[in-house]
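Enquirer: Contents of final-v1.tsv (TSV, C-alpha atoms):
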```
chain	number	residue	atom	x	y	z
A	213	MET	CA	-13.46	-13.49	-66.98
A	214	THR	CA	-11.28	-16.57	-66.60
A	215	VAL	CA	-9.17	-17.73	-63.71
A	216	ARG	CA	-6.12	-16.42	-65.50
A	217	ASP	CA	-7.72	-13.00	-65.87
A	218	LEU	CA	-8.61	-12.86	-62.21
A	219	LEU	CA	-5.18	-13.96	-61.11
A	220	ALA	CA	-3.58	-11.58	-63.54
A	221	GLU	CA	-5.47	-8.80	-61.80
A	222	LEU	CA	-4.13	-10.07	-58.52
A	223	THR	CA	-0.56	-10.09	-59.73
A	224	ASP	CA	-0.91	-6.64	-61.22
A	225	ASP	CA	-0.23	-5.33	-57.77
A	226	GLY	CA	1.29	-1.90	-57.99
A	227	THR	CA	4.85	-1.02	-58.83
A	228	PRO	CA	7.38	-3.56	-57.57
A	229	ARG	CA	10.14	-2.18	-55.39
A	230	GLY	CA	12.64	-4.30	-57.22
A	231	ALA	CA	14.89	-7.15	-56.16
A	232	ASP	CA	17.76	-4.86	-55.14
A	233	GLU	CA	15.74	-2.79	-52.71
A	234	VAL	CA	14.01	-5.79	-51.16
A	235	TRP	CA	17.33	-7.60	-50.86
A	236	ARG	CA	19.11	-4.66	-49.19
A	237	ALA	CA	16.24	-4.08	-46.74
A	238	ALA	CA	16.19	-7.77	-45.87
A	239	GLN	CA	19.96	-7.75	-45.32
A	240	ARG	CA	19.65	-4.81	-42.91
A	241	ARG	CA	16.95	-6.56	-40.96
A	242	VAL	CA	18.87	-9.84	-40.81
A	243	ARG	CA	21.90	-7.98	-39.42
A	244	ALA	CA	19.68	-6.20	-36.86
A	245	ARG	CA	18.13	-9.50	-35.79
A	246	ARG	CA	21.54	-11.10	-35.33
A	247	SER	CA	22.73	-8.13	-33.32
A	248	THR	CA	19.63	-8.28	-31.11
A	249	ARG	CA	20.15	-11.97	-30.58
A	250	ARG	CA	23.77	-11.36	-29.53
A	251	LEU	CA	22.67	-8.69	-27.04
A	252	ALA	CA	19.94	-10.93	-25.71
A	253	GLY	CA	22.51	-13.69	-25.27
A	254	VAL	CA	24.82	-11.39	-23.34
A	255	ALA	CA	21.93	-10.17	-21.15
A	256	THR	CA	20.83	-13.73	-20.47
A	257	ALA	CA	24.35	-14.74	-19.52
A	258	ALA	CA	24.67	-11.73	-17.20
A	259	SER	CA	21.34	-12.54	-15.56
A	260	LEU	CA	22.40	-16.14	-15.11
A	261	VAL	CA	25.65	-15.07	-13.45
A	262	ALA	CA	23.75	-12.71	-11.13
A	263	VAL	CA	21.33	-15.46	-10.15
A	264	ILE	CA	24.18	-17.86	-9.44
A	265	VAL	CA	26.06	-15.25	-7.39
A	266	PHE	CA	22.92	-14.47	-5.42
A	267	ALA	CA	22.22	-18.14	-4.84
A	268	VAL	CA	25.75	-18.77	-3.62
A	269	THR	CA	26.21	-15.67	-1.46
A	270	GLY	CA	22.58	-15.14	-0.51
A	271	ARG	CA	22.91	-11.41	-0.87
A	272	THR	CA	22.88	-8.63	-3.42
A	273	ASP	CA	24.75	-5.35	-3.58
A	274	ARG	CA	21.78	-3.38	-2.33
A	275	GLY	CA	22.86	-3.44	1.29
A	276	PRO	CA	20.70	-4.46	4.22
A	277	THR	CA	17.26	-5.51	3.17
A	278	ARG	CA	14.44	-3.33	4.38
A	279	PRO	CA	11.78	-5.66	5.66
A	280	SER	CA	8.72	-5.40	3.52
A	281	SER	CA	5.25	-5.50	4.98
A	282	ARG	CA	4.77	-8.94	3.51
A	283	HIS	CA	8.08	-10.13	4.93
A	284	ASN	CA	7.19	-8.84	8.38
A	285	ALA	CA	3.68	-10.14	8.29
A	286	ALA	CA	5.28	-13.53	8.17
A	287	THR	CA	7.89	-12.64	10.79
A	288	CYS	CA	7.66	-9.86	13.34
A	289	GLY	CA	5.57	-7.07	11.90
A	290	ASP	CA	6.77	-3.58	11.16
A	291	SER	CA	5.33	-0.43	12.62
A	292	GLY	CA	7.65	1.57	10.39
A	293	VAL	CA	9.24	3.28	13.40
A	294	ALA	CA	12.98	2.95	13.79
A	295	ALA	CA	13.41	5.12	16.86
A	296	GLY	CA	12.56	4.11	20.39
A	297	SER	CA	14.28	0.79	20.65
A	298	VAL	CA	14.98	-0.33	24.17
A	299	TRP	CA	18.38	-1.21	22.95
A	300	PRO	CA	19.74	0.59	19.90
A	301	ILE	CA	20.29	-2.02	17.27
A	302	THR	CA	23.74	-1.29	16.07
A	303	GLY	CA	26.89	-3.21	15.31
A	304	VAL	CA	26.62	-6.93	15.93
A	305	ALA	CA	23.04	-6.57	17.08
A	306	ARG	CA	21.87	-5.09	13.83
A	307	THR	CA	20.23	-7.72	11.73
A	308	SER	CA	17.67	-7.98	9.03
A	309	SER	CA	17.41	-11.73	9.40
A	310	TRP	CA	14.52	-13.14	11.33
A	311	SER	CA	16.50	-16.26	12.10
A	312	ALA	CA	19.06	-14.14	13.98
A	313	LEU	CA	16.53	-12.87	16.55
A	314	PRO	CA	17.42	-15.45	19.24
A	315	ASP	CA	21.04	-14.36	19.03
A	316	LEU	CA	19.99	-10.72	19.15
A	317	ALA	CA	17.89	-11.26	22.28
A	318	ALA	CA	20.61	-13.30	23.97
A	319	HIS	CA	23.21	-10.67	23.18
A	320	PHE	CA	20.91	-8.00	24.56
A	321	ILE	CA	20.25	-9.61	27.94
A	322	ALA	CA	23.90	-10.55	28.37
A	323	ALA	CA	25.28	-7.11	27.58
A	324	GLU	CA	22.56	-4.92	29.06
A	325	ILE	CA	21.19	-6.92	32.00
A	326	GLY	CA	24.13	-9.15	32.82
A	327	LEU	CA	22.23	-12.41	32.49
A	328	SER	CA	23.74	-15.55	31.02
A	329	PRO	CA	21.61	-16.59	28.10
A	330	GLY	CA	20.79	-20.17	27.29
A	331	ALA	CA	18.51	-21.64	24.71
A	332	ALA	CA	16.03	-19.31	23.04
A	333	ARG	CA	12.85	-19.79	21.07
A	334	VAL	CA	10.85	-17.32	19.04
A	335	GLU	CA	7.11	-16.93	19.38
A	336	ARG	CA	5.65	-15.16	16.39
A	337	ARG	CA	2.77	-12.73	16.89
A	338	ARG	CA	0.85	-10.49	14.52
A	339	TYR	CA	2.86	-7.34	15.09
A	340	ASP	CA	6.02	-8.54	16.82
A	341	CYS	CA	7.94	-11.54	18.06
A	342	LEU	CA	8.51	-12.73	21.59
A	343	VAL	CA	11.88	-14.33	22.18
A	344	HIS	CA	11.97	-16.56	25.24
A	345	VAL	CA	15.54	-16.90	26.49
A	346	GLU	CA	16.47	-19.43	29.15
A	347	THR	CA	18.72	-17.93	31.82
A	348	GLY	CA	19.65	-20.46	34.49
A	349	GLY	CA	16.28	-21.85	35.48
A	350	LEU	CA	14.29	-18.70	34.72
A	351	SER	CA	13.54	-17.21	31.39
A	352	ALA	CA	13.59	-13.70	30.02
A	353	LEU	CA	11.04	-12.40	27.57
A	354	VAL	CA	12.29	-10.01	24.88
A	355	GLU	CA	9.81	-8.31	22.57
A	356	ILE	CA	11.25	-7.62	19.12
A	357	ALA	CA	9.52	-5.98	16.18
A	358	GLY	CA	10.57	-5.31	12.64
A	359	SER	CA	11.59	-1.78	11.75
A	360	PRO	CA	13.12	-0.12	8.71
A	361	GLY	CA	16.60	-1.54	8.29
A	362	GLY	CA	16.26	-4.36	10.80
A	363	TYR	CA	14.58	-5.06	14.11
A	364	ARG	CA	14.12	-3.17	17.34
A	365	ILE	CA	13.66	-4.37	20.91
A	366	ASN	CA	10.36	-3.10	22.25
A	367	GLY	CA	10.32	-4.55	25.70
A	368	LEU	CA	11.89	-6.82	28.29
A	369	ASN	CA	10.50	-8.78	31.21
A	370	TYR	CA	12.59	-10.90	33.54
A	371	PRO	CA	11.61	-13.29	34.93
A	372	ASP	CA	8.96	-14.57	32.61
A	373	PRO	CA	6.12	-14.98	33.43
A	374	GLN	CA	6.22	-11.92	35.63
A	375	PRO	CA	3.53	-11.31	38.25
A	376	ASP	CA	1.82	-7.96	38.34
A	377	ILE	CA	4.28	-6.08	40.48
A	378	GLY	CA	2.88	-2.60	40.07
A	379	GLY	CA	5.15	0.37	39.50
A	380	SER	CA	4.65	3.68	37.77
A	381	VAL	CA	6.42	6.14	35.53
A	382	ALA	CA	5.71	9.78	34.72
A	383	VAL	CA	7.55	12.06	32.34
A	384	ARG	CA	6.83	15.76	32.79
A	385	GLY	CA	8.90	18.18	30.87
A	386	ARG	CA	12.52	17.45	31.74
A	387	THR	CA	11.81	15.43	34.90
A	388	ILE	CA	11.05	11.76	35.30
A	389	ASP	CA	9.46	10.07	38.30
A	390	LEU	CA	9.56	6.30	38.44
A	391	HIS	CA	8.74	3.76	41.08
A	392	THR	CA	9.57	0.10	40.77
A	393	PRO	CA	8.96	-2.41	43.57
A	394	SER	CA	12.21	-3.33	45.26
A	395	CYS	CA	13.15	-5.77	47.94
A	396	PRO	CA	15.10	-5.61	51.20
A	397	GLY	CA	18.77	-5.07	50.47
A	398	CYS	CA	18.14	-4.80	46.74
A	399	THR	CA	19.41	-2.10	44.43
A	400	ALA	CA	17.52	-0.83	41.43
A	401	VAL	CA	19.33	0.71	38.48
A	402	LEU	CA	17.42	2.90	36.02
A	403	LYS	CA	18.69	3.78	32.53
A	404	ILE	CA	16.83	6.44	30.58
A	405	ARG	CA	17.69	7.14	26.96
A	406	TYR	CA	16.29	9.80	24.67
A	407	PRO	CA	17.77	10.87	21.35
A	408	ASN	CA	19.15	14.07	22.89
A	409	VAL	CA	19.71	13.11	26.50
A	410	ALA	CA	20.40	10.07	28.68
A	411	ALA	CA	20.57	9.42	32.39
A	412	GLU	CA	21.36	6.60	34.78
A	413	ALA	CA	20.47	6.44	38.46
A	414	THR	CA	20.54	3.98	41.34
A	415	SER	CA	17.99	3.57	44.11
A	416	SER	CA	17.70	1.30	47.11
A	417	ASP	CA	13.96	1.68	47.56
A	418	GLY	CA	12.92	1.61	43.95
A	419	GLY	CA	11.95	5.28	43.78
A	420	PHE	CA	13.54	7.66	41.26
A	421	HIS	CA	13.21	11.38	40.61
A	422	ILE	CA	15.49	12.45	37.77
A	423	ASP	CA	16.04	15.88	36.27
A	424	LEU	CA	17.35	15.30	32.76
A	425	GLY	CA	18.62	18.86	32.52
A	426	LYS	CA	16.79	19.48	29.28
A	427	ARG	CA	13.52	18.55	27.71
A	428	PRO	CA	13.74	15.20	25.94
A	429	LEU	CA	13.08	15.15	22.22
A	430	GLY	CA	11.46	12.22	20.48
A	431	PRO	CA	10.62	8.81	21.89
A	432	GLY	CA	12.87	7.25	24.52
A	433	THR	CA	13.45	4.09	26.43
A	434	LEU	CA	13.86	2.95	29.97
A	435	VAL	CA	15.45	-0.12	31.47
A	436	THR	CA	15.28	-1.04	35.15
A	437	VAL	CA	17.38	-3.78	36.68
A	438	VAL	CA	16.90	-4.86	40.29
A	439	ARG	CA	19.70	-6.83	41.93
A	440	ASN	CA	19.83	-8.41	45.35
A	441	LYS	CA	22.66	-7.82	47.76
A	442	GLU	CA	24.66	-10.62	46.13
A	443	GLY	CA	24.42	-8.78	42.85
A	444	THR	CA	22.14	-11.32	41.24
A	445	VAL	CA	19.52	-9.91	38.93
A	446	VAL	CA	16.12	-10.58	40.48
A	447	ARG	CA	14.03	-8.54	38.06
A	448	ALA	CA	14.50	-6.52	34.94
A	449	ASN	CA	12.09	-4.55	32.82
A	450	GLY	CA	12.47	-2.55	29.67
A	451	SER	CA	10.05	-0.45	27.71
A	452	THR	CA	9.86	2.29	25.15
A	453	LEU	CA	8.63	5.75	26.15
A	454	PRO	CA	6.56	7.87	23.81
A	455	ALA	CA	7.65	11.38	22.91
A	456	GLY	CA	6.47	14.19	25.18
A	457	ASN	CA	4.82	14.03	28.57
A	458	PHE	CA	3.70	10.58	29.56
A	459	ALA	CA	2.41	8.72	32.58
A	460	ALA	CA	1.62	5.06	33.21
A	461	GLY	CA	1.22	2.85	36.21
B	205	MET	CA	25.54	-8.49	-54.97
B	206	THR	CA	26.51	-11.83	-53.40
B	207	ASP	CA	25.61	-15.28	-54.73
B	208	ASP	CA	22.52	-15.24	-52.54
B	209	GLY	CA	21.67	-11.81	-53.90
B	210	ALA	CA	21.92	-13.09	-57.47
B	211	ILE	CA	19.75	-16.08	-56.64
B	212	PHE	CA	17.15	-13.82	-55.09
B	213	ALA	CA	17.22	-11.43	-58.05
B	214	ASP	CA	16.37	-14.35	-60.35
B	215	LEU	CA	13.57	-15.52	-58.10
B	216	TYR	CA	12.15	-12.10	-57.25
B	217	PRO	CA	9.65	-11.65	-60.14
B	218	GLN	CA	7.92	-14.99	-59.59
B	219	LEU	CA	8.06	-14.62	-55.80
B	220	ARG	CA	6.44	-11.21	-56.00
B	221	ARG	CA	3.68	-12.49	-58.25
B	222	PHE	CA	3.09	-15.35	-55.88
B	223	ALA	CA	3.04	-12.96	-52.90
B	224	SER	CA	0.58	-10.73	-54.78
B	225	VAL	CA	-1.78	-13.66	-55.12
B	226	VAL	CA	-1.61	-15.02	-51.59
B	227	ARG	CA	-1.19	-11.80	-49.61
B	228	PRO	CA	-3.95	-10.55	-47.34
B	229	ILE	CA	-5.70	-7.39	-48.53
B	230	GLU	CA	-3.97	-5.31	-45.88
B	231	MET	CA	-0.43	-6.45	-46.67
B	232	ASP	CA	1.96	-5.32	-49.36
B	233	ALA	CA	3.40	-8.00	-51.64
B	234	ASP	CA	6.97	-6.71	-51.37
B	235	ASP	CA	6.67	-6.63	-47.57
B	236	LEU	CA	5.63	-10.26	-47.66
B	237	VAL	CA	8.57	-11.22	-49.89
B	238	GLN	CA	10.97	-9.26	-47.73
B	239	GLU	CA	9.69	-10.82	-44.51
B	240	ALA	CA	10.00	-14.31	-46.00
B	241	LEU	CA	13.53	-13.49	-47.13
B	242	VAL	CA	14.50	-12.21	-43.68
B	243	ARG	CA	13.15	-15.34	-41.99
B	244	THR	CA	14.94	-17.54	-44.50
B	245	LEU	CA	18.28	-15.73	-44.36
B	246	SER	CA	18.19	-15.74	-40.57
B	247	ALA	CA	18.47	-19.52	-40.69
B	248	HIS	CA	20.00	-20.45	-44.06
B	249	ARG	CA	22.00	-19.23	-46.99
B	250	LEU	CA	20.00	-19.39	-50.20
B	251	ASP	CA	22.77	-21.23	-52.03
B	252	ALA	CA	22.66	-23.92	-49.33
B	253	LEU	CA	19.03	-24.74	-50.08
B	254	ASP	CA	18.08	-27.42	-52.61
B	255	ASP	CA	15.27	-25.32	-54.04
B	256	PRO	CA	15.36	-21.77	-52.69
B	257	GLY	CA	12.37	-20.80	-54.82
B	258	ALA	CA	10.14	-23.45	-53.26
B	259	TYR	CA	11.48	-22.65	-49.81
B	260	LEU	CA	10.74	-18.95	-50.17
B	261	ARG	CA	7.29	-19.67	-51.63
B	262	ALA	CA	6.45	-21.87	-48.67
B	263	ALA	CA	7.67	-19.14	-46.33
B	264	ILE	CA	5.56	-16.55	-48.12
B	265	LEU	CA	2.50	-18.76	-47.93
B	266	ARG	CA	2.96	-19.48	-44.21
B	267	LEU	CA	3.43	-15.80	-43.47
B	268	ALA	CA	0.34	-14.91	-45.49
B	269	SER	CA	-1.73	-17.52	-43.66
B	270	ASN	CA	-0.46	-16.35	-40.27
B	271	GLU	CA	-1.11	-12.73	-41.17
B	272	ARG	CA	-4.60	-13.54	-42.41
B	273	ARG	CA	-5.42	-15.27	-39.12
B	274	ARG	CA	-3.96	-12.39	-37.12
B	275	LEU	CA	-5.91	-9.82	-39.08
B	276	GLY	CA	-9.05	-11.92	-38.74
B	277	ARG	CA	-8.67	-12.01	-34.97
B	278	ARG	CA	-8.16	-8.26	-34.97
B	279	ARG	CA	-11.24	-7.67	-37.08
B	280	ARG	CA	-13.33	-9.88	-34.80
B	281	ALA	CA	-11.99	-8.12	-31.71
B	282	ILE	CA	-12.77	-4.70	-33.16
B	283	ALA	CA	-16.23	-5.85	-34.20
B	284	HIS	CA	-16.77	-7.25	-30.71
B	285	LEU	CA	-15.72	-3.96	-29.12
B	286	ARG	CA	-18.06	-2.09	-31.43
B	287	ASP	CA	-20.78	-4.63	-30.70
B	288	GLU	CA	-21.15	-5.48	-34.38
B	289	GLU	CA	-21.82	-8.72	-36.18
B	290	VAL	CA	-18.78	-10.30	-37.79
B	291	THR	CA	-19.56	-10.65	-41.46
B	292	ALA	CA	-18.23	-13.76	-43.12
B	293	PRO	CA	-16.65	-13.42	-46.55
B	294	ALA	CA	-18.92	-14.20	-49.49
B	295	VAL	CA	-18.93	-17.85	-50.41
B	296	TYR	CA	-18.98	-17.11	-54.12
B	297	PRO	CA	-16.67	-14.20	-54.72
B	298	HIS	CA	-17.35	-12.17	-57.79
B	299	ASP	CA	-14.40	-9.82	-57.95
B	300	VAL	CA	-10.76	-9.55	-57.04
B	301	THR	CA	-11.47	-8.12	-53.60
B	302	ASP	CA	-13.56	-11.14	-52.70
B	303	LEU	CA	-10.95	-13.41	-54.18
B	304	ARG	CA	-8.43	-11.93	-51.78
B	305	ARG	CA	-10.64	-12.96	-48.87
B	306	LEU	CA	-10.15	-16.62	-49.74
B	307	ASP	CA	-7.77	-18.76	-47.79
B	308	PRO	CA	-4.26	-17.97	-49.09
B	309	LYS	CA	-3.65	-21.67	-49.60
B	310	ASP	CA	-6.67	-21.94	-51.89
B	311	ARG	CA	-5.51	-18.91	-53.81
B	312	ALA	CA	-1.99	-20.30	-54.03
B	313	ALA	CA	-3.26	-23.65	-55.22
B	314	VAL	CA	-5.33	-22.08	-58.00
B	315	TYR	CA	-2.52	-19.74	-58.99
B	316	LEU	CA	0.14	-22.44	-59.08
B	317	ALA	CA	-2.11	-24.74	-61.09
B	318	ALA	CA	-3.75	-22.27	-63.46
B	319	VAL	CA	-0.96	-19.75	-64.04
B	320	GLU	CA	2.30	-21.51	-63.35
B	321	GLY	CA	0.98	-24.86	-64.54
B	322	ARG	CA	2.56	-26.82	-61.74
B	323	PRO	CA	1.47	-30.43	-61.16
B	324	HIS	CA	-0.65	-31.26	-58.13
B	325	ARG	CA	2.18	-33.23	-56.57
B	326	GLU	CA	4.38	-30.13	-56.51
B	327	ILE	CA	1.52	-27.98	-55.24
B	328	GLY	CA	0.96	-30.51	-52.47
B	329	GLU	CA	4.62	-30.30	-51.45
B	330	LEU	CA	4.45	-26.53	-51.31
B	331	LEU	CA	1.20	-26.50	-49.34
B	332	ASP	CA	2.43	-29.29	-47.10
B	333	CYS	CA	-0.38	-31.64	-48.02
B	334	SER	CA	-0.96	-34.71	-50.17
B	335	GLU	CA	-1.34	-34.61	-53.93
B	336	GLU	CA	-5.01	-35.44	-53.53
B	337	ALA	CA	-5.55	-32.67	-51.01
B	338	ALA	CA	-3.83	-30.25	-53.36
B	339	ARG	CA	-6.12	-31.36	-56.16
B	340	LYS	CA	-9.14	-30.70	-53.92
B	341	ARG	CA	-7.85	-27.27	-53.03
B	342	VAL	CA	-7.44	-26.38	-56.66
B	343	SER	CA	-10.91	-27.65	-57.42
B	344	ARG	CA	-12.45	-25.79	-54.48
B	345	GLY	CA	-10.69	-22.59	-55.42
B	346	LEU	CA	-11.95	-22.84	-58.95
B	347	ALA	CA	-15.50	-23.46	-57.72
B	348	ARG	CA	-15.33	-20.34	-55.68
B	349	LEU	CA	-14.25	-18.45	-58.72
B	350	ARG	CA	-17.45	-19.66	-60.44
B	351	VAL	CA	-15.48	-20.68	-63.49
B	352	GLU	CA	-14.72	-24.26	-62.56
B	353	VAL	CA	-16.02	-25.78	-65.69
B	354	ALA	CA	-14.16	-23.45	-67.98
B	355	ALA	CA	-11.05	-23.58	-65.88
B	356	ASP	CA	-11.13	-27.34	-65.62
B	357	ARG	CA	-11.28	-27.43	-69.35
B	358	GLU	CA	-8.31	-25.09	-69.56
B	359	MET	CA	-6.24	-27.03	-67.08
B	360	THR	CA	-6.95	-30.54	-68.31
```
Can you dump the structure from the file as C-alpha cells?
Expert:
Amino acid sequence: MTVRDLLAELTDDGTPRGADEVWRAAQRRVRARRSTRRLAGVATAASLVAVIVFAVTGRTDRGPTRPSSRHNAATCGDSGVAAGSVWPITGVARTSSWSALPDLAAHFIAAEIGLSPGAARVERRRYDCLVHVETGGLSALVEIAGSPGGYRINGLNYPDPQPDIGGSVAVRGRTIDLHTPSCPGCTAVLKIRYPNVAAEATSSDGGFHIDLGKRPLGPGTLVTVVRNKEGTVVRANGSTLPAGNFAAG
Amino acid sequence: MTDDGAIFADLYPQLRRFASVVRPIEMDADDLVQEALVRTLSAHRLDALDDPGAYLRAAILRLASNERRRLGRRRRAIAHLRDEEVTAPAVYPHDVTDLRRLDPKDRAAVYLAAVEGRPHREIGELLDCSEEAARKRVSRGLARLRVEVAADREMT
C-alpha cells in the first residue's frame, strides 16, 4: 500500500452532505452567532447602566437593605428579632445604615428623654453597638443592635457610666411592679409599651404598680426618666422586656 | 446562492477531502468543514479573502488540532477516573485507524505533498511554519507510514 492508497482510504469518508447543505447550515449558525452577540451586547450595556446608576445613587430598587449576618458581624450584630425595641424605629429613625447610628441615638434621647445631644461616637461590639452621646457634660449610652430591616434600640443608660443604683421590675400577668431609686423632690416617669397595650405613670418615690388592663402579648419595653424639681433629667434607663411573666432586680 | 456560496461550492470537494484527512477519528469531515466555514464567515466574506481555499484549509487544520487536543484531554481524564493506563498511539501505524491518530499537521503535510502535490513552501504557509519545517513534517509523516522510501521516490 502506498501513501496515496492510505490517504485515498482516508478521503473515502462516507457520503458527503454536499456544498449546499453545509453552506446553508453554516449560514444559519452565522446568523445565530450574530444574534447572540447582539443580545450579549445589549445585556452588557444594560448591566453597565445599572452599575453606573448604583454607583451614582448608592441604592437599588430593592428597598431597604436587610442587614446580612456578615454585614452585621462587621457592624452591630443581628439577633433576627425586630420586636422589642426600646424605641420603635420608624420614620426618620428607621435606618439600615450603620453610619447613621449616631444620629439615630441622638434623635432618640432628644425626643424620648428630652436631653440635648452633642457629639456621639460608636463603639462596636460582637452583637451590638454602643453609641456614646455627649449631653452637656454627661454622656448617655444607647445600645443599638441590627435587626431585620434596620436597627433597634436595646437599652439606655444616662448618665454613663452609671453606678449600680439597684431597682427591680416584675411582670405578672397584666400587672407590673417597678421600683427605681429616686431622690428628694424628684419625679420618675415610667413608660411601658407592649404590642397590644401601653401605659405611662408618674411617681414621686420611684415605686410603680400598674394594672395594664389586659395581659401583654409579645415582648415589650420600658423607659424610666427621673427628673429633679427643676425638671432636669438626672437619670434615665431603658430596657426591653421579654414576653410573658418576668422579674429582675 | 451568493458569490460566497459559489466560491464555497467550488472549494467544497477539496476542503472535504482535506478535512477527511486531518479530522480526528471522532469528528465528521463535513462538521469540520462547516465549523471552519462558520468561523470564517463570522469574521470575513469569502470574496474579500485573497485565497479563501487556503484560509479555510488553515481553519480546518486549526480546528482539527484543537479538537484532537480536547479529545485527548478527555480520554486521559476518563482513563484517570477509571484508574487505567493511558495508551499512547502506535509509533508505526499500520492501518488507516492508526494513521488517524497522527498529529493532524503531519497528516495534512503528507496529504498536501503526496496527493495534492503542493510545494513545501506552500505547505509551510498553511501549517504556519518554515519551508524546512514543512519538509520535515512531510518526511516524518512518511516515515510513520513505513513507506518513506517508496513515497520519497514518488514525490521526488
Enquirer: Could you please select, counting all atoms listed in the file, the residues of chain B within 6 Å of chain A and state them as a list in words?
Expert: Ala213, Tyr216, Arg221, Ser224, Val225, Gln238, Val242 and Ser246 of chain B
Enquirer: What is the CA of Glu326 (chain B)-CA of Asp214 (chain B) distance in Å, reported with one decimal?
Expert: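 These atoms are spaced 20.2 Å apart.
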Enquirer: Of the candidates B:Pro323, B:Gly345, B:Pro217, B:Pro308, which one gets nearest to Leu265 (chain B) if we count only C-alpha atoms?
Expert: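 Of all the options, B:Pro308 lies closest to Leu265 (chain B).
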Enquirer: Restricting the calculation to all atoms listed in the file, which member of A:Thr433, A:Ser415, A:Ser328, A:Asn408 is positioned closest to Leu350 (chain A)?
Expert: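 Closest to Leu350 (chain A), using all atoms listed in the file: A:Ser328.
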Enquirer: What's the separation between CA of Ala459 (chain A) and CA of Arg405 (chain A), in Å to one decimal place?
Expert: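 Between CA of Ala459 (chain A) and CA of Arg405 (chain A) the gap works out to 16.4 Å.
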Enquirer: Could you list, as a ChimeraX atom specification, every residue within 8 Å of Gly257 (chain B), counting all atoms listed in the file and ignoring same-chain residues fewer than 4 positions away?
Expert: /B:215,219,261
Enquirer: Dig up all the protein and nucleic acid residues within 9 Å of (16.0, 0.0, 25.4) in the file frame, using only C-alpha atoms, and format them as a PyMOL selection string.
Expert: chain A and resi 296-300+324+364-368+403-405+432-435+450-452
Enquirer: Tell me, in Å to one decimal, how far CA of Leu313 (chain A) is from CA of Leu353 (chain A).
Expert: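 Taking CA of Leu313 (chain A) and CA of Leu353 (chain A), their separation equals 12.3 Å.
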Enquirer: Would you be able to write out as a list in words which residues have an atom within 9 Å of (20.2, -9.1, 26.5) in the file's coordinates, counting only C-alpha atoms?
Expert: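 So the residues meeting the distance criterion are Trp299, Leu316, Ala317, Ala318, His319, Phe320, Ile321, Ala322, Ala323, Glu324, Ile325, Gly326, Leu327, Ser328, Pro329, Ala352, Val354 and Leu368 of chain A.
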